[in-house]
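Here's upload_19.pdb, which has PDB, C-alpha atoms and all ligand atoms:
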ATOM      1  CA  MET A   1      70.715 122.038  91.193  1.00  0.00           C
ATOM      2  CA  GLY A   2      67.972 124.656  91.350  1.00  0.00           C
ATOM      3  CA  GLN A   3      68.325 128.393  91.702  1.00  0.00           C
ATOM      4  CA  SER A   4      71.949 129.270  92.477  1.00  0.00           C
ATOM      5  CA  PRO A   5      72.912 132.966  92.567  1.00  0.00           C
ATOM      6  CA  ARG A   6      76.348 134.170  91.385  1.00  0.00           C
ATOM      7  CA  SER A   7      76.046 137.415  93.256  1.00  0.00           C
ATOM      8  CA  ILE A   8      73.799 138.912  95.877  1.00  0.00           C
ATOM      9  CA  SER A   9      71.610 141.960  95.433  1.00  0.00           C
ATOM     10  CA  SER A  10      68.624 141.070  97.592  1.00  0.00           C
ATOM     11  CA  VAL A  11      68.564 139.343 100.953  1.00  0.00           C
ATOM     12  CA  CYS A  12      65.612 137.893 102.817  1.00  0.00           C
ATOM     13  CA  VAL A  13      65.731 138.198 106.594  1.00  0.00           C
ATOM     14  CA  PHE A  14      63.697 135.726 108.635  1.00  0.00           C
ATOM     15  CA  CYS A  15      63.271 136.771 112.253  1.00  0.00           C
ATOM     16  CA  GLY A  16      60.885 137.037 115.144  1.00  0.00           C
ATOM     17  CA  ALA A  17      57.853 139.303 115.128  1.00  0.00           C
ATOM     18  CA  SER A  18      57.374 139.289 118.893  1.00  0.00           C
ATOM     19  CA  GLY A  19      57.122 142.698 120.500  1.00  0.00           C
ATOM     20  CA  GLU A  20      58.618 141.235 123.662  1.00  0.00           C
ATOM     21  CA  ALA A  21      62.039 140.402 122.196  1.00  0.00           C
ATOM     22  CA  ALA A  22      65.031 141.435 124.305  1.00  0.00           C
ATOM     23  CA  PRO A  23      66.450 144.904 123.548  1.00  0.00           C
ATOM     24  CA  ASP A  24      69.820 143.477 122.494  1.00  0.00           C
ATOM     25  CA  LEU A  25      68.109 141.347 119.836  1.00  0.00           C
ATOM     26  CA  LEU A  26      66.097 144.309 118.575  1.00  0.00           C
ATOM     27  CA  ASP A  27      69.316 146.300 118.453  1.00  0.00           C
ATOM     28  CA  ALA A  28      71.074 143.530 116.525  1.00  0.00           C
ATOM     29  CA  ALA A  29      68.203 143.420 114.026  1.00  0.00           C
ATOM     30  CA  ALA A  30      68.466 147.187 113.545  1.00  0.00           C
ATOM     31  CA  ARG A  31      72.232 147.005 113.035  1.00  0.00           C
ATOM     32  CA  LEU A  32      71.736 144.305 110.433  1.00  0.00           C
ATOM     33  CA  GLY A  33      69.248 146.558 108.634  1.00  0.00           C
ATOM     34  CA  GLN A  34      71.807 149.354 108.608  1.00  0.00           C
ATOM     35  CA  ALA A  35      74.506 146.988 107.339  1.00  0.00           C
ATOM     36  CA  LEU A  36      72.265 145.813 104.485  1.00  0.00           C
ATOM     37  CA  ALA A  37      71.586 149.423 103.512  1.00  0.00           C
ATOM     38  CA  ALA A  38      75.295 150.302 103.664  1.00  0.00           C
ATOM     39  CA  ALA A  39      76.091 147.340 101.410  1.00  0.00           C
ATOM     40  CA  ASP A  40      73.350 148.379  98.948  1.00  0.00           C
ATOM     41  CA  LEU A  41      71.524 145.115  99.480  1.00  0.00           C
ATOM     42  CA  LYS A  42      67.742 145.134  99.167  1.00  0.00           C
ATOM     43  CA  LEU A  43      66.020 143.786 102.258  1.00  0.00           C
ATOM     44  CA  ILE A  44      63.160 141.412 101.508  1.00  0.00           C
ATOM     45  CA  TYR A  45      61.096 140.615 104.571  1.00  0.00           C
ATOM     46  CA  GLY A  46      57.697 139.756 105.993  1.00  0.00           C
ATOM     47  CA  GLY A  47      56.315 143.283 105.819  1.00  0.00           C
ATOM     48  CA  GLY A  48      55.498 143.855 109.484  1.00  0.00           C
ATOM     49  CA  GLY A  49      56.513 146.647 111.811  1.00  0.00           C
ATOM     50  CA  VAL A  50      56.818 144.606 114.989  1.00  0.00           C
ATOM     51  CA  GLY A  51      59.652 142.806 116.760  1.00  0.00           C
ATOM     52  CA  LEU A  52      62.998 142.105 115.141  1.00  0.00           C
ATOM     53  CA  MET A  53      61.392 142.261 111.711  1.00  0.00           C
ATOM     54  CA  GLY A  54      60.162 145.802 112.233  1.00  0.00           C
ATOM     55  CA  ALA A  55      63.454 146.894 113.812  1.00  0.00           C
ATOM     56  CA  CYS A  56      65.480 145.551 110.897  1.00  0.00           C
ATOM     57  CA  ALA A  57      63.243 146.993 108.184  1.00  0.00           C
ATOM     58  CA  LEU A  58      62.870 150.417 109.748  1.00  0.00           C
ATOM     59  CA  ALA A  59      66.613 150.722 110.334  1.00  0.00           C
ATOM     60  CA  ALA A  60      67.368 149.705 106.742  1.00  0.00           C
ATOM     61  CA  HIS A  61      64.806 152.201 105.440  1.00  0.00           C
ATOM     62  CA  GLU A  62      66.054 155.048 107.644  1.00  0.00           C
ATOM     63  CA  ALA A  63      69.625 154.329 106.522  1.00  0.00           C
ATOM     64  CA  GLY A  64      68.542 154.833 102.904  1.00  0.00           C
ATOM     65  CA  GLY A  65      68.319 151.162 102.002  1.00  0.00           C
ATOM     66  CA  LYS A  66      65.874 149.453  99.674  1.00  0.00           C
ATOM     67  CA  VAL A  67      63.208 147.468 101.512  1.00  0.00           C
ATOM     68  CA  LEU A  68      60.402 145.260 100.219  1.00  0.00           C
ATOM     69  CA  GLY A  69      57.827 143.793 102.579  1.00  0.00           C
ATOM     70  CA  ILE A  70      55.522 140.927 101.626  1.00  0.00           C
ATOM     71  CA  ILE A  71      52.585 140.474 103.943  1.00  0.00           C
ATOM     72  CA  PRO A  72      49.330 138.541 103.761  1.00  0.00           C
ATOM     73  CA  HIS A  73      46.183 140.630 103.889  1.00  0.00           C
ATOM     74  CA  PHE A  74      45.021 139.071 107.176  1.00  0.00           C
ATOM     75  CA  LEU A  75      48.258 139.994 109.005  1.00  0.00           C
ATOM     76  CA  LYS A  76      48.377 143.672 108.004  1.00  0.00           C
ATOM     77  CA  VAL A  77      46.975 144.858 111.327  1.00  0.00           C
ATOM     78  CA  ARG A  78      48.307 142.113 113.590  1.00  0.00           C
ATOM     79  CA  GLU A  79      51.886 142.497 112.370  1.00  0.00           C
ATOM     80  CA  GLN A  80      51.561 146.272 111.975  1.00  0.00           C
ATOM     81  CA  ARG A  81      52.463 146.581 108.306  1.00  0.00           C
ATOM     82  CA  LEU A  82      55.163 149.235 107.778  1.00  0.00           C
ATOM     83  CA  ASP A  83      53.630 151.918 105.590  1.00  0.00           C
ATOM     84  CA  VAL A  84      56.910 153.714 104.885  1.00  0.00           C
ATOM     85  CA  VAL A  85      58.413 150.879 102.831  1.00  0.00           C
ATOM     86  CA  GLU A  86      57.360 149.244  99.573  1.00  0.00           C
ATOM     87  CA  THR A  87      54.957 146.442 100.435  1.00  0.00           C
ATOM     88  CA  ILE A  88      53.241 143.722  98.444  1.00  0.00           C
ATOM     89  CA  VAL A  89      50.023 142.428 100.005  1.00  0.00           C
ATOM     90  CA  VAL A  90      49.338 138.784  99.188  1.00  0.00           C
ATOM     91  CA  GLU A  91      46.484 136.417  99.954  1.00  0.00           C
ATOM     92  CA  SER A  92      48.149 133.632 101.892  1.00  0.00           C
ATOM     93  CA  MET A  93      51.153 132.553 103.948  1.00  0.00           C
ATOM     94  CA  HIS A  94      52.182 130.223 101.132  1.00  0.00           C
ATOM     95  CA  GLU A  95      52.191 133.068  98.638  1.00  0.00           C
ATOM     96  CA  ARG A  96      54.214 135.196 101.061  1.00  0.00           C
ATOM     97  CA  LYS A  97      56.835 132.481 101.475  1.00  0.00           C
ATOM     98  CA  MET A  98      57.042 131.840  97.741  1.00  0.00           C
ATOM     99  CA  GLN A  99      57.596 135.529  97.002  1.00  0.00           C
ATOM    100  CA  LEU A 100      60.130 135.875  99.829  1.00  0.00           C
ATOM    101  CA  PHE A 101      62.007 132.951  98.306  1.00  0.00           C
ATOM    102  CA  ASP A 102      61.762 133.946  94.639  1.00  0.00           C
ATOM    103  CA  ARG A 103      62.761 137.576  95.176  1.00  0.00           C
ATOM    104  CA  SER A 104      65.822 136.852  97.340  1.00  0.00           C
ATOM    105  CA  ASP A 105      69.360 135.801  96.440  1.00  0.00           C
ATOM    106  CA  ALA A 106      70.260 134.772  99.977  1.00  0.00           C
ATOM    107  CA  PHE A 107      68.789 134.385 103.469  1.00  0.00           C
ATOM    108  CA  ILE A 108      69.701 135.563 106.940  1.00  0.00           C
ATOM    109  CA  VAL A 109      68.063 133.979 109.964  1.00  0.00           C
ATOM    110  CA  LEU A 110      67.895 136.011 113.142  1.00  0.00           C
ATOM    111  CA  PRO A 111      66.450 134.671 116.385  1.00  0.00           C
ATOM    112  CA  GLY A 112      62.734 134.051 116.095  1.00  0.00           C
ATOM    113  CA  GLY A 113      59.854 131.890 117.193  1.00  0.00           C
ATOM    114  CA  ILE A 114      57.678 129.249 115.594  1.00  0.00           C
ATOM    115  CA  GLY A 115      57.064 131.271 112.418  1.00  0.00           C
ATOM    116  CA  THR A 116      60.773 131.770 111.842  1.00  0.00           C
ATOM    117  CA  LEU A 117      61.359 128.065 112.444  1.00  0.00           C
ATOM    118  CA  GLU A 118      58.691 127.132 109.930  1.00  0.00           C
ATOM    119  CA  GLU A 119      60.220 129.352 107.282  1.00  0.00           C
ATOM    120  CA  ILE A 120      63.799 128.222 107.781  1.00  0.00           C
ATOM    121  CA  VAL A 121      63.005 124.508 107.953  1.00  0.00           C
ATOM    122  CA  GLU A 122      61.171 124.736 104.643  1.00  0.00           C
ATOM    123  CA  LEU A 123      64.056 126.672 103.111  1.00  0.00           C
ATOM    124  CA  LEU A 124      66.613 124.103 104.264  1.00  0.00           C
ATOM    125  CA  SER A 125      64.408 121.207 103.196  1.00  0.00           C
ATOM    126  CA  TRP A 126      64.234 122.700  99.691  1.00  0.00           C
ATOM    127  CA  ARG A 127      68.006 122.951  99.773  1.00  0.00           C
ATOM    128  CA  ARG A 128      68.187 119.281 100.725  1.00  0.00           C
ATOM    129  CA  LEU A 129      66.065 118.507  97.658  1.00  0.00           C
ATOM    130  CA  ASP A 130      68.472 120.561  95.488  1.00  0.00           C
ATOM    131  CA  LEU A 131      65.719 123.029  94.622  1.00  0.00           C
ATOM    132  CA  HIS A 132      68.134 125.886  95.310  1.00  0.00           C
ATOM    133  CA  ALA A 133      71.659 126.708  96.413  1.00  0.00           C
ATOM    134  CA  LYS A 134      71.010 130.150  97.824  1.00  0.00           C
ATOM    135  CA  PRO A 135      73.265 131.000 100.785  1.00  0.00           C
ATOM    136  CA  VAL A 136      71.735 130.737 104.262  1.00  0.00           C
ATOM    137  CA  VAL A 137      73.389 132.341 107.294  1.00  0.00           C
ATOM    138  CA  PHE A 138      72.143 131.972 110.855  1.00  0.00           C
ATOM    139  CA  TYR A 139      72.893 134.744 113.309  1.00  0.00           C
ATOM    140  CA  ASN A 140      73.740 132.454 116.217  1.00  0.00           C
ATOM    141  CA  VAL A 141      73.740 135.078 118.951  1.00  0.00           C
ATOM    142  CA  ASP A 142      74.731 133.516 122.275  1.00  0.00           C
ATOM    143  CA  GLY A 143      74.263 130.077 120.710  1.00  0.00           C
ATOM    144  CA  PHE A 144      70.557 130.762 120.120  1.00  0.00           C
ATOM    145  CA  TRP A 145      70.264 128.252 117.278  1.00  0.00           C
ATOM    146  CA  GLU A 146      72.388 125.441 118.801  1.00  0.00           C
ATOM    147  CA  PRO A 147      69.327 123.387 119.886  1.00  0.00           C
ATOM    148  CA  LEU A 148      68.059 123.441 116.283  1.00  0.00           C
ATOM    149  CA  PHE A 149      71.461 122.408 114.931  1.00  0.00           C
ATOM    150  CA  ALA A 150      71.554 119.604 117.537  1.00  0.00           C
ATOM    151  CA  LEU A 151      68.159 118.381 116.346  1.00  0.00           C
ATOM    152  CA  PHE A 152      69.353 118.401 112.730  1.00  0.00           C
ATOM    153  CA  GLN A 153      72.449 116.418 113.793  1.00  0.00           C
ATOM    154  CA  HIS A 154      70.180 113.986 115.650  1.00  0.00           C
ATOM    155  CA  THR A 155      68.376 113.218 112.385  1.00  0.00           C
ATOM    156  CA  VAL A 156      71.745 112.772 110.675  1.00  0.00           C
ATOM    157  CA  ASP A 157      72.942 110.400 113.424  1.00  0.00           C
ATOM    158  CA  ALA A 158      69.770 108.371 112.903  1.00  0.00           C
ATOM    159  CA  LYS A 159      70.646 108.171 109.182  1.00  0.00           C
ATOM    160  CA  LEU A 160      67.426 109.974 108.302  1.00  0.00           C
ATOM    161  CA  THR A 161      69.218 112.979 106.846  1.00  0.00           C
ATOM    162  CA  PRO A 162      72.471 112.834 104.831  1.00  0.00           C
ATOM    163  CA  PRO A 163      75.548 114.210 106.632  1.00  0.00           C
ATOM    164  CA  ASP A 164      76.205 116.860 103.979  1.00  0.00           C
ATOM    165  CA  PHE A 165      72.938 118.537 104.976  1.00  0.00           C
ATOM    166  CA  MET A 166      74.912 119.999 107.885  1.00  0.00           C
ATOM    167  CA  GLN A 167      76.852 122.080 105.329  1.00  0.00           C
ATOM    168  CA  SER A 168      73.651 123.695 104.024  1.00  0.00           C
ATOM    169  CA  TRP A 169      74.144 126.837 106.081  1.00  0.00           C
ATOM    170  CA  THR A 170      76.807 128.905 107.793  1.00  0.00           C
ATOM    171  CA  THR A 171      76.664 130.736 111.089  1.00  0.00           C
ATOM    172  CA  ALA A 172      77.726 134.155 112.301  1.00  0.00           C
ATOM    173  CA  ASP A 173      78.287 134.998 115.966  1.00  0.00           C
ATOM    174  CA  THR A 174      78.138 138.768 115.499  1.00  0.00           C
ATOM    175  CA  VAL A 175      76.160 141.125 113.278  1.00  0.00           C
ATOM    176  CA  ASP A 176      79.398 142.251 111.617  1.00  0.00           C
ATOM    177  CA  ALA A 177      80.166 138.668 110.601  1.00  0.00           C
ATOM    178  CA  ILE A 178      76.821 138.092 108.837  1.00  0.00           C
ATOM    179  CA  LEU A 179      77.436 139.729 105.451  1.00  0.00           C
ATOM    180  CA  PRO A 180      80.973 138.267 105.054  1.00  0.00           C
ATOM    181  CA  ALA A 181      79.483 134.854 105.897  1.00  0.00           C
ATOM    182  CA  LEU A 182      76.866 135.333 103.191  1.00  0.00           C
ATOM    183  CA  LEU A 183      79.500 136.183 100.616  1.00  0.00           C
ATOM    184  CA  SER A 184      81.684 133.245 101.530  1.00  0.00           C
ATOM    185  CA  ALA A 185      78.694 130.942 101.067  1.00  0.00           C
ATOM    186  CA  LEU A 186      78.261 131.897  97.409  1.00  0.00           C
ATOM    187  CA  PRO A 187      79.202 129.217  94.875  1.00  0.00           C
ATOM    188  CA  ALA A 188      82.821 129.598  93.723  1.00  0.00           C
ATOM    189  CA  PRO A 189      82.811 132.454  91.190  1.00  0.00           C
ATOM    190  CA  ASP A 190      84.426 132.449  87.748  1.00  0.00           C
ATOM    191  CA  SER A 191      84.708 136.194  88.011  1.00  0.00           C
ATOM    192  CA  ASP A 192      84.362 138.278  91.125  1.00  0.00           C
ATOM    193  CA  PRO A 193      80.699 139.030  91.736  1.00  0.00           C
ATOM    194  CA  GLY A 194      79.348 139.813  95.172  1.00  0.00           C
ATOM    195  CA  ILE A 195      78.078 142.535  97.349  1.00  0.00           C
ATOM    196  CA  ASN A 196      78.526 145.988  95.878  1.00  0.00           C
ATOM    197  CA  GLU A 197      79.916 148.275  98.518  1.00  0.00           C
ATOM    198  CA  LYS A 198      78.532 151.812  98.327  1.00  0.00           C
ATOM    199  CA  ALA A 199      81.198 154.384  97.538  1.00  0.00           C
TER
HETATM  200  P1  LIG B   1      57.715 134.335 114.737  1.00  0.00           P
HETATM  201  O1  LIG B   1      59.087 133.766 114.549  1.00  0.00           O
HETATM  202  O2  LIG B   1      56.737 133.315 115.269  1.00  0.00           O
HETATM  203  O3  LIG B   1      57.720 135.606 115.518  1.00  0.00           O
HETATM  204  O4  LIG B   1      57.175 134.691 113.284  1.00  0.00           O
HETATM  205  C1  LIG B   1      57.987 135.409 112.407  1.00  0.00           C
HETATM  206  C2  LIG B   1      57.267 135.638 111.119  1.00  0.00           C
HETATM  207  O5  LIG B   1      56.958 134.388 110.526  1.00  0.00           O
HETATM  208  C3  LIG B   1      55.948 136.397 111.262  1.00  0.00           C
HETATM  209  O6  LIG B   1      55.890 137.390 110.257  1.00  0.00           O
HETATM  210  C4  LIG B   1      54.918 135.324 110.960  1.00  0.00           C
HETATM  211  O7  LIG B   1      53.784 135.860 110.303  1.00  0.00           O
HETATM  212  C5  LIG B   1      55.654 134.434 110.029  1.00  0.00           C
HETATM  213  N1  LIG B   1      55.064 133.096 109.993  1.00  0.00           N
HETATM  214  C6  LIG B   1      54.442 132.433 110.979  1.00  0.00           C
HETATM  215  N2  LIG B   1      53.998 131.232 110.566  1.00  0.00           N
HETATM  216  C7  LIG B   1      54.317 131.150 109.259  1.00  0.00           C
HETATM  217  C8  LIG B   1      54.090 130.188 108.235  1.00  0.00           C
HETATM  218  N3  LIG B   1      53.456 129.026 108.467  1.00  0.00           N
HETATM  219  N4  LIG B   1      54.562 130.468 107.007  1.00  0.00           N
HETATM  220  C9  LIG B   1      55.193 131.626 106.768  1.00  0.00           C
HETATM  221  N5  LIG B   1      55.430 132.560 107.665  1.00  0.00           N
HETATM  222  C10 LIG B   1      54.996 132.345 108.902  1.00  0.00           C
END
Could you show the structure in this file as structure tokens?
Ligand code: AMP
Amino acid sequence: MGQSPRSISSVCVFCGASGEAAPDLLDAAARLGQALAAADLKLIYGGGGVGLMGACALAAHEAGGKVLGIIPHFLKVREQRLDVVETIVVESMHERKMQLFDRSDAFIVLPGGIGTLEEIVELLSWRRLDLHAKPVVFYNVDGFWEPLFALFQHTVDAKLTPPDFMQSWTTADTVDAILPALLSALPAPDSDPGINEKA
């Protein structure tokens, strides 16, 4: 098995960058950012200031949380790089994804579009290849991700993907359930590591 964290100190959030996302999704992203800050978890994200990604990062930053953005040079303007948080500018999408992966102990997937899908499918495919065992939690607001899960199951039913792939992630129906779901997805501990609650 590849990289397998015993505790979580940094969390990558994959989510949509569309400026037209519904207000309740933007609000959920912001509440997740606040929850990450309150739990003293560093947010690792795509570095932009737009859509759910901007809402989450700004809320985490304003709540006193640690935030690291990783953005390719060519997207700095288009995705409105957030200047108020620490940001690493990279050359390519591949480099961005590699750094997002390497610097994170776990992953949260909020609703998103084609970019979010690309990122999460790669992450889960690496899991399938045993390249990592980092926890992955989908925020399944109003069943948003059910069509994706159904497609995964379709490939399992066709015997193209092993059934245990369907245990590669957990889901949370509310923002409050996301961090507990992350913790419960950690490999069984010898001791009691985990999220450090701020006093
Ligand atoms: P979207 O879900 O389409 O709003 O995109 C969310 C984020 O994924 C944005 O920051 C995009 O730049 C990013 N993204 C889009 N395509 C890719 C890709 N091929 N690899 C990595 N990130 C991507």
Quiz item: So which residues touch Phe101 of chain A within 10 Å, counting all atoms listed in the file, skipping near sequence neighbours fewer than 2 positions away, as a ChimeraX atom specification?
Solution: /A:11-12,44-45,95-99,103-107,119,123,132,134
Quiz prompt | Residues within 12 Å of Glu118 of chain A, all atoms listed in the file, excluding chain neighbours under 2 positions, as a PyMOL selection string | solution = chain A and resi 14-16+93-94+97+109+112-116+120-125+148
Self-check item: Closest of A:Gly47, A:Gly33, A:Pro23, A:Pro5 to ligand LIG 1 (chain B) - atom-to-atom distances counting all atoms listed in the file
Solution: A:Gly47
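In this structure, atom CA of Ala28 of chain A sits 20.6 Å away from atom CA of Arg81 of chain A.
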Practice problem: In the coordinates of the file, take the point (70.2, 141.9, 101.2) and a cut-off of 7 Å; then, counting all atoms listed in the file, name each qualifying protein, DNA or RNA residue as a VMD selection string. | Solution: chain A and resid 9 to 12 36 41 to 43
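Taking atom O4 of ligand LIG 1 (chain B) and atom CA of Thr171 of chain A as endpoints, the distance between them is 20.0 Å.
Ranking A:Leu26, A:Ala57, A:Val84, A:Leu110 by their shortest atom-to-atom distance to ligand LIG 1 (chain B), with only C-alpha atoms and all ligand atoms included, puts A:Leu110 first.
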Practice problem: Calculate how many Å separate atom CA of Ala181 of chain A from atom CA of Val137 of chain A, rounding to one decimal. | Solution: 6.7 Å
Exercise. List every protein, DNA or RNA residue that has at least one atom no more than 9 Å from (57.3, 143.0, 96.3) in the file's coordinates, counting all atoms listed in the file, and write the result as a ChimeraX atom specification.
Key: /A:44,68-70,86-89,99-100,103
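Closest to ligand LIG 1 (chain B) among A:Leu117, A:Ala39, A:Ala150, A:Leu186 is A:Leu117, based on only C-alpha atoms and all ligand atoms.
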Exercise. Give me the result of the PyMOL selection byres (((chain A and resi 56) around 8) and not hetatm) on this file, residue by residue, as number ranges by chain.
Key: A: 26, 29-34, 52-55, 57-60
Practice problem: Find, counting all atoms listed in the file, the residue in A:Arg6, A:His61, A:Arg78, A:Lys66 that gets nearest to ligand LIG 1 (chain B). | Solution: A:Arg78
For segment 67-149 of chain A in the structure I just supplied, write out C-alpha atoms - as a compact mmCIF listing (two decimals), in the first residue's frame.
# COMPACT_ATOMS: atom_id res chain seq x y z
CA VAL A 67 -4.59 27.83 3.75
CA LEU A 68 -2.30 26.85 0.89
CA GLY A 69 -3.34 27.40 -2.72
CA ILE A 70 -1.61 25.73 -5.66
CA ILE A 71 -2.39 27.29 -9.00
CA PRO A 72 -0.88 27.05 -12.46
CA HIS A 73 0.51 30.27 -13.86
CA PHE A 74 -1.99 30.36 -16.75
CA LEU A 75 -5.02 30.19 -14.41
CA LYS A 76 -3.99 33.00 -12.04
CA VAL A 77 -6.27 35.54 -13.69
CA ARG A 78 -9.03 33.22 -14.90
CA GLU A 79 -9.51 31.61 -11.49
CA GLN A 80 -8.82 34.86 -9.63
CA ARG A 81 -5.93 33.73 -7.46
CA LEU A 82 -6.52 34.64 -3.80
CA ASP A 83 -3.75 37.01 -2.81
CA VAL A 84 -4.49 36.88 0.92
CA VAL A 85 -3.46 33.24 1.34
CA GLU A 86 -0.17 31.43 0.84
CA THR A 87 -0.01 30.36 -2.80
CA ILE A 88 2.40 28.27 -4.83
CA VAL A 89 2.37 29.03 -8.56
CA VAL A 90 3.22 26.01 -10.70
CA GLU A 91 3.68 25.48 -14.42
CA SER A 92 1.07 22.89 -15.27
CA MET A 93 -2.16 21.18 -14.24
CA HIS A 94 -0.22 17.97 -13.65
CA GLU A 95 2.15 19.71 -11.27
CA ARG A 96 -0.81 21.28 -9.46
CA LYS A 97 -2.48 17.90 -8.99
CA MET A 98 0.73 16.25 -7.83
CA GLN A 99 1.33 18.95 -5.21
CA LEU A 100 -2.31 18.87 -4.08
CA PHE A 101 -1.93 15.13 -3.60
CA ASP A 102 1.51 15.09 -1.97
CA ARG A 103 0.77 17.88 0.51
CA SER A 104 -2.57 16.48 1.73
CA ASP A 105 -3.39 13.76 4.25
CA ALA A 106 -7.01 13.44 3.15
CA PHE A 107 -9.49 14.71 0.56
CA ILE A 108 -12.94 16.25 0.65
CA VAL A 109 -14.99 16.45 -2.53
CA LEU A 110 -17.66 19.12 -2.73
CA PRO A 111 -19.98 19.51 -5.71
CA GLY A 112 -18.10 20.57 -8.81
CA GLY A 113 -17.91 20.31 -12.56
CA ILE A 114 -15.64 18.60 -15.05
CA GLY A 115 -12.43 19.74 -13.34
CA THR A 116 -13.54 18.35 -10.00
CA LEU A 117 -14.53 15.09 -11.69
CA GLU A 118 -11.14 14.81 -13.35
CA GLU A 119 -9.34 15.30 -10.06
CA ILE A 120 -11.44 12.87 -8.06
CA VAL A 121 -11.43 10.11 -10.67
CA GLU A 122 -7.64 10.22 -10.79
CA LEU A 123 -7.45 10.16 -7.00
CA LEU A 124 -9.75 7.14 -6.77
CA SER A 125 -7.97 5.37 -9.60
CA TRP A 126 -4.68 5.77 -7.71
CA ARG A 127 -6.42 4.32 -4.68
CA ARG A 128 -7.54 1.37 -6.80
CA LEU A 129 -3.89 0.83 -7.75
CA ASP A 130 -2.92 0.91 -4.04
CA LEU A 131 -0.79 4.01 -4.58
CA HIS A 132 -2.34 5.55 -1.46
CA ALA A 133 -4.85 4.97 1.30
CA LYS A 134 -5.65 8.58 2.09
CA PRO A 135 -9.26 9.10 3.23
CA VAL A 136 -11.70 10.50 0.66
CA VAL A 137 -15.06 11.95 1.70
CA PHE A 138 -17.71 13.16 -0.73
CA TYR A 139 -20.10 15.85 0.42
CA ASN A 140 -23.19 14.31 -1.15
CA VAL A 141 -25.50 17.29 -0.76
CA ASP A 142 -28.99 16.41 -1.99
CA GLY A 143 -27.56 13.27 -3.59
CA PHE A 144 -25.35 15.35 -5.89
CA TRP A 145 -22.80 12.57 -6.41
CA GLU A 146 -25.25 9.64 -6.77
CA PRO A 147 -24.96 9.56 -10.61
CA LEU A 148 -21.18 9.19 -10.28
CA PHE A 149 -21.54 6.42 -7.69
